[in-house]
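Note: the block below is work-v1.cif and it holds mmCIF, C-alpha atoms.
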data_work
loop_
_atom_site.group_PDB
_atom_site.id
_atom_site.type_symbol
_atom_site.label_atom_id
_atom_site.label_comp_id
_atom_site.auth_asym_id
_atom_site.auth_seq_id
_atom_site.Cartn_x
_atom_site.Cartn_y
_atom_site.Cartn_z
ATOM 1 C CA MET A 26 -4.136 -2.060 -1.935
ATOM 2 C CA GLU A 27 -4.095 -0.391 1.429
ATOM 3 C CA LEU A 28 -7.612 0.023 2.824
ATOM 4 C CA ARG A 29 -8.399 2.623 5.488
ATOM 5 C CA CYS A 30 -11.721 3.099 7.244
ATOM 6 C CA ARG A 31 -13.198 5.663 9.603
ATOM 7 C CA ALA A 32 -16.738 5.908 10.969
ATOM 8 C CA VAL A 33 -18.119 9.424 10.574
ATOM 9 C CA GLY A 34 -21.347 11.281 11.161
ATOM 10 C CA PRO A 35 -24.324 10.735 13.489
ATOM 11 C CA TRP A 36 -25.230 7.425 11.793
ATOM 12 C CA SER A 37 -21.663 6.102 12.201
ATOM 13 C CA MET A 38 -21.180 5.635 8.457
ATOM 14 C CA ASN A 39 -17.950 4.041 7.253
ATOM 15 C CA ALA A 40 -15.892 6.231 4.929
ATOM 16 C CA TYR A 41 -13.085 4.390 3.128
ATOM 17 C CA VAL A 42 -9.817 5.267 1.432
ATOM 18 C CA LEU A 43 -8.064 2.865 -0.939
ATOM 19 C CA VAL A 44 -4.381 3.527 -1.594
ATOM 20 C CA CYS A 45 -2.048 2.184 -4.284
ATOM 21 C CA PRO A 46 1.054 1.071 -2.357
ATOM 22 C CA GLN A 47 3.398 1.798 -5.277
ATOM 23 C CA THR A 48 2.266 5.324 -6.195
ATOM 24 C CA ARG A 49 0.277 6.458 -3.104
ATOM 25 C CA ALA A 50 -2.606 7.411 -5.391
ATOM 26 C CA SER A 51 -5.886 7.103 -3.504
ATOM 27 C CA VAL A 52 -9.651 7.228 -3.818
ATOM 28 C CA LEU A 53 -12.095 8.360 -1.147
ATOM 29 C CA VAL A 54 -15.292 6.302 -0.925
ATOM 30 C CA ASP A 55 -18.472 7.769 0.607
ATOM 31 C CA PRO A 56 -17.573 11.148 2.137
ATOM 32 C CA GLY A 57 -20.486 11.099 4.541
ATOM 33 C CA ALA A 58 -19.467 13.735 7.109
ATOM 34 C CA GLU A 59 -16.621 15.317 9.066
ATOM 35 C CA PRO A 60 -14.368 16.695 6.310
ATOM 36 C CA GLU A 61 -11.414 17.183 8.641
ATOM 37 C CA ASN A 62 -11.468 13.500 9.580
ATOM 38 C CA LEU A 63 -11.680 12.571 5.916
ATOM 39 C CA ILE A 64 -8.635 14.705 5.159
ATOM 40 C CA GLU A 65 -6.780 12.895 7.945
ATOM 41 C CA LEU A 66 -7.849 9.562 6.449
ATOM 42 C CA LEU A 67 -6.221 10.626 3.167
ATOM 43 C CA ALA A 68 -2.928 11.653 4.824
ATOM 44 C CA GLY A 69 0.193 10.675 2.922
ATOM 45 C CA THR A 70 -1.700 9.928 -0.300
ATOM 46 C CA GLN A 71 -2.448 11.624 -3.611
ATOM 47 C CA PRO A 72 -6.252 11.712 -3.980
ATOM 48 C CA ALA A 73 -7.369 10.877 -7.510
ATOM 49 C CA ALA A 74 -11.161 10.554 -7.213
ATOM 50 C CA ILE A 75 -14.184 10.418 -4.930
ATOM 51 C CA LEU A 76 -16.404 7.349 -5.308
ATOM 52 C CA VAL A 77 -20.011 7.110 -4.124
ATOM 53 C CA THR A 78 -21.743 3.803 -3.344
ATOM 54 C CA HIS A 79 -25.187 5.460 -3.245
ATOM 55 C CA ALA A 80 -26.761 8.830 -2.686
ATOM 56 C CA HIS A 81 -28.278 8.579 0.790
ATOM 57 C CA PRO A 82 -27.443 11.649 2.910
ATOM 58 C CA ASP A 83 -25.318 9.733 5.418
ATOM 59 C CA HIS A 84 -23.011 8.678 2.566
ATOM 60 C CA ILE A 85 -22.701 12.009 0.718
ATOM 61 C CA GLY A 86 -23.129 14.625 3.453
ATOM 62 C CA ALA A 87 -19.596 15.984 2.966
ATOM 63 C CA LEU A 88 -19.408 15.351 -0.779
ATOM 64 C CA ALA A 89 -19.670 18.990 -1.866
ATOM 65 C CA GLU A 90 -17.038 20.094 0.617
ATOM 66 C CA MET A 91 -14.627 17.268 -0.273
ATOM 67 C CA ARG A 92 -15.109 17.946 -3.981
ATOM 68 C CA ARG A 93 -14.193 21.567 -3.322
ATOM 69 C CA ARG A 94 -11.156 20.689 -1.220
ATOM 70 C CA LEU A 95 -9.705 17.848 -3.273
ATOM 71 C CA ARG A 96 -10.604 19.084 -6.777
ATOM 72 C CA VAL A 97 -10.816 15.530 -8.108
ATOM 73 C CA PRO A 98 -13.564 13.891 -10.175
ATOM 74 C CA VAL A 99 -16.626 12.420 -8.474
ATOM 75 C CA MET A 100 -17.709 9.008 -9.736
ATOM 76 C CA ALA A 101 -21.216 7.699 -9.016
ATOM 77 C CA HIS A 102 -24.040 5.754 -10.624
ATOM 78 C CA GLY A 103 -25.207 7.310 -13.855
ATOM 79 C CA ASN A 104 -28.875 6.988 -12.870
ATOM 80 C CA GLY A 105 -28.465 8.489 -9.405
ATOM 81 C CA ILE A 106 -28.940 12.004 -8.070
ATOM 82 C CA VAL A 107 -25.262 12.702 -7.474
ATOM 83 C CA GLN A 108 -23.800 15.109 -10.002
ATOM 84 C CA ALA A 109 -21.009 12.832 -11.212
ATOM 85 C CA ASP A 110 -18.017 13.810 -13.317
ATOM 86 C CA GLN A 111 -17.844 10.171 -14.405
ATOM 87 C CA LYS A 112 -21.022 8.079 -14.529
ATOM 88 C CA LEU A 113 -20.750 4.425 -13.573
ATOM 89 C CA PHE A 114 -23.176 1.601 -14.356
ATOM 90 C CA GLY A 115 -21.272 -1.532 -13.323
ATOM 91 C CA GLY A 116 -18.543 -3.484 -15.076
ATOM 92 C CA GLU A 117 -16.034 -0.618 -15.238
ATOM 93 C CA ARG A 118 -12.381 -0.936 -14.235
ATOM 94 C CA LEU A 119 -11.121 2.141 -12.423
ATOM 95 C CA PRO A 120 -7.363 2.763 -12.184
ATOM 96 C CA VAL A 121 -5.938 3.803 -8.828
ATOM 97 C CA GLY A 122 -2.228 4.286 -9.433
ATOM 98 C CA ARG A 123 -1.021 0.882 -10.650
ATOM 99 C CA GLN A 124 -4.017 -0.923 -9.168
ATOM 100 C CA HIS A 125 -7.586 -1.252 -10.402
ATOM 101 C CA LEU A 126 -11.052 -1.352 -8.881
ATOM 102 C CA VAL A 127 -13.983 -3.210 -10.438
ATOM 103 C CA VAL A 128 -17.449 -1.661 -10.225
ATOM 104 C CA HIS A 129 -20.487 -3.840 -9.467
ATOM 105 C CA ALA A 130 -24.049 -2.583 -9.859
ATOM 106 C CA ALA A 131 -26.032 -3.765 -6.818
ATOM 107 C CA PRO A 132 -29.523 -2.215 -6.819
ATOM 108 C CA GLY A 133 -32.095 -2.858 -4.121
ATOM 109 C CA HIS A 134 -31.359 -0.717 -1.079
ATOM 110 C CA THR A 135 -31.278 2.064 -3.664
ATOM 111 C CA ARG A 136 -31.437 1.963 -7.438
ATOM 112 C CA ASP A 137 -28.017 3.617 -7.683
ATOM 113 C CA GLN A 138 -26.157 1.276 -5.292
ATOM 114 C CA LEU A 139 -22.628 0.328 -6.396
ATOM 115 C CA CYS A 140 -19.946 -1.900 -4.884
ATOM 116 C CA PHE A 141 -16.226 -1.424 -5.475
ATOM 117 C CA GLY A 142 -13.909 -4.421 -5.496
ATOM 118 C CA VAL A 143 -10.123 -4.471 -5.558
ATOM 119 C CA GLU A 144 -9.070 -6.331 -8.705
ATOM 120 C CA ASP A 145 -7.016 -9.498 -8.056
ATOM 121 C CA ASN A 146 -7.830 -9.175 -4.366
ATOM 122 C CA ARG A 147 -10.719 -10.084 -2.109
ATOM 123 C CA GLU A 148 -11.618 -6.674 -0.664
ATOM 124 C CA MET A 149 -15.094 -5.375 -1.546
ATOM 125 C CA ILE A 150 -16.630 -2.084 -0.409
ATOM 126 C CA VAL A 151 -20.334 -2.933 -0.433
ATOM 127 C CA GLY A 152 -22.032 0.230 0.839
ATOM 128 C CA ASP A 153 -25.467 -0.732 2.185
ATOM 129 C CA THR A 154 -25.937 -3.696 -0.163
ATOM 130 C CA VAL A 155 -25.294 -6.394 2.420
ATOM 131 C CA PHE A 156 -24.353 -6.650 6.100
ATOM 132 C CA ALA A 157 -23.269 -9.520 8.320
ATOM 133 C CA GLY A 158 -26.789 -9.731 9.729
ATOM 134 C CA GLY A 159 -28.957 -9.114 6.675
ATOM 135 C CA PRO A 160 -29.500 -7.149 3.456
ATOM 136 C CA GLY A 161 -29.811 -3.379 3.257
ATOM 137 C CA LYS A 162 -33.183 -1.851 4.139
ATOM 138 C CA THR A 163 -35.763 -1.449 1.368
ATOM 139 C CA TRP A 164 -38.784 0.855 1.112
ATOM 140 C CA SER A 165 -40.981 -1.051 -1.356
ATOM 141 C CA ALA A 166 -41.746 -4.657 -2.202
ATOM 142 C CA GLU A 167 -40.343 -4.074 -5.675
ATOM 143 C CA ASP A 168 -37.030 -2.860 -4.272
ATOM 144 C CA PHE A 169 -36.885 -5.854 -1.913
ATOM 145 C CA GLN A 170 -37.340 -8.194 -4.887
ATOM 146 C CA THR A 171 -34.506 -6.332 -6.609
ATOM 147 C CA THR A 172 -32.372 -6.889 -3.506
ATOM 148 C CA LEU A 173 -33.048 -10.632 -3.726
ATOM 149 C CA LYS A 174 -31.871 -10.625 -7.347
ATOM 150 C CA THR A 175 -28.727 -8.686 -6.396
ATOM 151 C CA LEU A 176 -27.948 -11.148 -3.608
ATOM 152 C CA ARG A 177 -28.462 -14.114 -5.909
ATOM 153 C CA HIS A 178 -26.669 -12.871 -9.021
ATOM 154 C CA VAL A 179 -24.099 -10.353 -7.748
ATOM 155 C CA VAL A 180 -23.158 -11.011 -4.129
ATOM 156 C CA LEU A 181 -23.203 -14.813 -4.202
ATOM 157 C CA ALA A 182 -21.063 -14.731 -7.353
ATOM 158 C CA TRP A 183 -18.134 -13.446 -5.285
ATOM 159 C CA PRO A 184 -15.680 -15.980 -3.776
ATOM 160 C CA ASP A 185 -16.126 -17.132 -0.185
ATOM 161 C CA ASP A 186 -12.949 -15.365 0.915
ATOM 162 C CA THR A 187 -14.259 -11.965 -0.225
ATOM 163 C CA VAL A 188 -14.049 -9.542 2.690
ATOM 164 C CA CYS A 189 -17.072 -7.242 2.570
ATOM 165 C CA HIS A 190 -16.639 -3.732 3.978
ATOM 166 C CA PRO A 191 -20.124 -2.307 4.613
ATOM 167 C CA GLY A 192 -21.390 1.226 5.015
ATOM 168 C CA HIS A 193 -22.134 0.616 8.699
ATOM 169 C CA GLY A 194 -20.637 -1.828 11.176
ATOM 170 C CA THR A 195 -17.709 -4.191 10.846
ATOM 171 C CA ALA A 196 -16.280 -6.089 7.899
ATOM 172 C CA PHE A 197 -17.130 -9.752 7.395
ATOM 173 C CA ARG A 198 -16.124 -12.700 5.219
ATOM 174 C CA LEU A 199 -18.750 -13.638 2.619
ATOM 175 C CA GLY A 200 -18.218 -17.363 3.106
ATOM 176 C CA ASP A 201 -19.222 -17.024 6.743
ATOM 177 C CA ILE A 202 -22.730 -15.889 5.792
ATOM 178 C CA ARG A 203 -23.204 -17.616 2.411
ATOM 179 C CA GLY A 204 -25.385 -20.340 3.900
ATOM 180 C CA ALA A 205 -27.549 -17.778 5.699
ATOM 181 C CA ILE A 206 -28.030 -15.820 2.470
ATOM 182 C CA GLU A 207 -28.935 -18.976 0.541
ATOM 183 C CA ASN A 208 -31.505 -19.971 3.180
ATOM 184 C CA PHE A 209 -32.913 -16.439 3.108
ATOM 185 C CA LEU A 210 -33.278 -16.587 -0.672
ATOM 186 C CA ALA A 211 -35.037 -19.946 -0.484
ATOM 187 C CA LYS A 212 -37.936 -18.490 1.531
ATOM 188 C CA ASP A 213 -41.104 -16.837 0.236
ATOM 189 C CA HIS A 214 -41.076 -13.289 1.607
ATOM 190 C CA GLY A 215 -44.297 -12.230 -0.075
ATOM 191 C CA ARG A 216 -44.686 -8.458 -0.389
ATOM 192 C CA PHE A 217 -42.146 -7.700 2.333
ATOM 193 C CA CYS A 218 -40.033 -4.564 2.505
ATOM 194 C CA GLY A 219 -38.054 -2.877 5.279
ATOM 195 C CA ASP A 220 -35.286 -4.070 7.580
ATOM 196 C CA ALA A 221 -34.569 -7.780 7.214
ATOM 197 C CA ALA A 222 -32.370 -10.296 8.993
ATOM 198 C CA TRP A 223 -31.016 -13.499 7.499
ATOM 199 C CA GLY A 224 -32.903 -15.663 9.985
ATOM 200 C CA GLN A 225 -36.372 -14.318 9.244
#

Translate this file's structure into structure tokens.
Amino acid sequence: MELRCRAVGPWSMNAYVLVCPQTRASVLVDPGAEPENLIELLAGTQPAAILVTHAHPDHIGALAEMRRRLRVPVMAHGNGIVQADQKLFGGERLPVGRQHLVVHAAPGHTRDQLCFGVEDNREMIVGDTVFAGGPGKTWSAEDFQTTLKTLRHVVLAWPDDTVCHPGHGTAFRLGDIRGAIENFLAKDHGRFCGDAAWGQ
């Protein structure tokens, strides 16, 4: 699938478009801001859905406007605050033209965090689940412990050549940080929560 990315909004959040090369059907992932730029990102495609990794304002700031403009279903976690036309919980296969995406539940940063992987490919849109330098920020010790479980059982289950496309910053290859994640998981973090880096 063709993957397009554009940073939008004051927090420089990455909005993504995935395009089926055969049919030009597309999905927009995380319409955070700047509707006109999002429309440009979709140029030459046939939008079929809007996907949401999680419901933080920087990721859904333009959701209402893009829903109005595109008139396509919104798909988000079933336990989140986004009013979804299709509720997702992880494990679903979503058609995009002749291609498919696989949905992964990845709670921690938020309880409604989802990742979207291209089936039979190694591209993964990870939202704020994981970054090259550390996991997504948490606001309670319980959520940080959930993040550790997601890293151990979801993220590390992906192949080394998975290319992770995060909600902020640049893409990275999972294999390049696998050792750092494993070392991070081996440590006792106590009742920690907040911003974390792999080396701490």

Could you list, as an mmCIF file with C-alpha atoms, in the frame of the given file, every residue matched by the PyMOL selection byres ((chain A and resi 177-188) around 8) in this structure?
data_model
loop_
_atom_site.group_PDB
_atom_site.id
_atom_site.type_symbol
_atom_site.label_atom_id
_atom_site.label_comp_id
_atom_site.auth_asym_id
_atom_site.auth_seq_id
_atom_site.Cartn_x
_atom_site.Cartn_y
_atom_site.Cartn_z
ATOM 1 C CA HIS A 129 -20.487 -3.840 -9.467
ATOM 2 C CA ALA A 131 -26.032 -3.765 -6.818
ATOM 3 C CA ARG A 147 -10.719 -10.084 -2.109
ATOM 4 C CA GLU A 148 -11.618 -6.674 -0.664
ATOM 5 C CA MET A 149 -15.094 -5.375 -1.546
ATOM 6 C CA LEU A 173 -33.048 -10.632 -3.726
ATOM 7 C CA LYS A 174 -31.871 -10.625 -7.347
ATOM 8 C CA THR A 175 -28.727 -8.686 -6.396
ATOM 9 C CA LEU A 176 -27.948 -11.148 -3.608
ATOM 10 C CA CYS A 189 -17.072 -7.242 2.570
ATOM 11 C CA HIS A 190 -16.639 -3.732 3.978
ATOM 12 C CA ALA A 196 -16.280 -6.089 7.899
ATOM 13 C CA PHE A 197 -17.130 -9.752 7.395
ATOM 14 C CA ARG A 198 -16.124 -12.700 5.219
ATOM 15 C CA LEU A 199 -18.750 -13.638 2.619
ATOM 16 C CA GLY A 200 -18.218 -17.363 3.106
ATOM 17 C CA ASP A 201 -19.222 -17.024 6.743
ATOM 18 C CA ARG A 203 -23.204 -17.616 2.411
ATOM 19 C CA LEU A 210 -33.278 -16.587 -0.672
#

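Restricting the calculation to only C-alpha atoms, the smallest distance between Ala101 in chain A and any of A:Ser51, A:Thr172, A:Gln138, A:Gln124 is found for A:Gln138.
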
Take the PyMOL selection byres ((chain A and resi 192) around 6), run it mentally on this structure, and tell me the resulting residues as a ChimeraX atom specification.
/A:38-39,152-153,191,193

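Considering all atoms listed in the file, the residue among A:His84, A:Ile202, A:Gln108, A:Thr48 positioned nearest to Ala32 in chain A is A:His84.
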
Would you write out, as a tab-separated table, a table of all residues in range 89-148 of chain A that have an atom no more than 6 Å from an atom of range 59-77 of chain A, listing for each the closest atom pair and the distance in Å to one decimal, considering only C-alpha atoms and ordering rows by chain and rising residue number?
residue	atom	partner	partner_atom	distance
A:Val97	CA	A:Ala74	CA	5.1
A:Pro98	CA	A:Ala74	CA	5.1
A:Val99	CA	A:Ile75	CA	4.7
A:Met100	CA	A:Leu76	CA	4.9
A:Ala101	CA	A:Val77	CA	5.1

Residues as selected, C-alpha atoms, written as a PDB file, in the frame of the given file, can you do that?
ATOM      1  CA  VAL A  97     -10.816  15.530  -8.108  1.00  0.00           C
ATOM      2  CA  PRO A  98     -13.564  13.891 -10.175  1.00  0.00           C
ATOM      3  CA  VAL A  99     -16.626  12.420  -8.474  1.00  0.00           C
ATOM      4  CA  MET A 100     -17.709   9.008  -9.736  1.00  0.00           C
ATOM      5  CA  ALA A 101     -21.216   7.699  -9.016  1.00  0.00           C
TER       6      ALA A 101
END

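Closest approach to Gly219 in chain A among A:Asp145, A:Asp168, A:Asp55, A:Asp83: A:Asp168, based on all atoms listed in the file.
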
Could you tell me how far CA of Gln111 in chain A lies from CA of Ala40 in chain A, in Å and to one decimal?
19.8 Å

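Put simply, CA of Leu43 in chain A is 10.3 Å away from CA of His125 in chain A.
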
Atom pair CA of Arg29 in chain A / CA of Trp223 in chain A: separation (Å)
27.8 Å
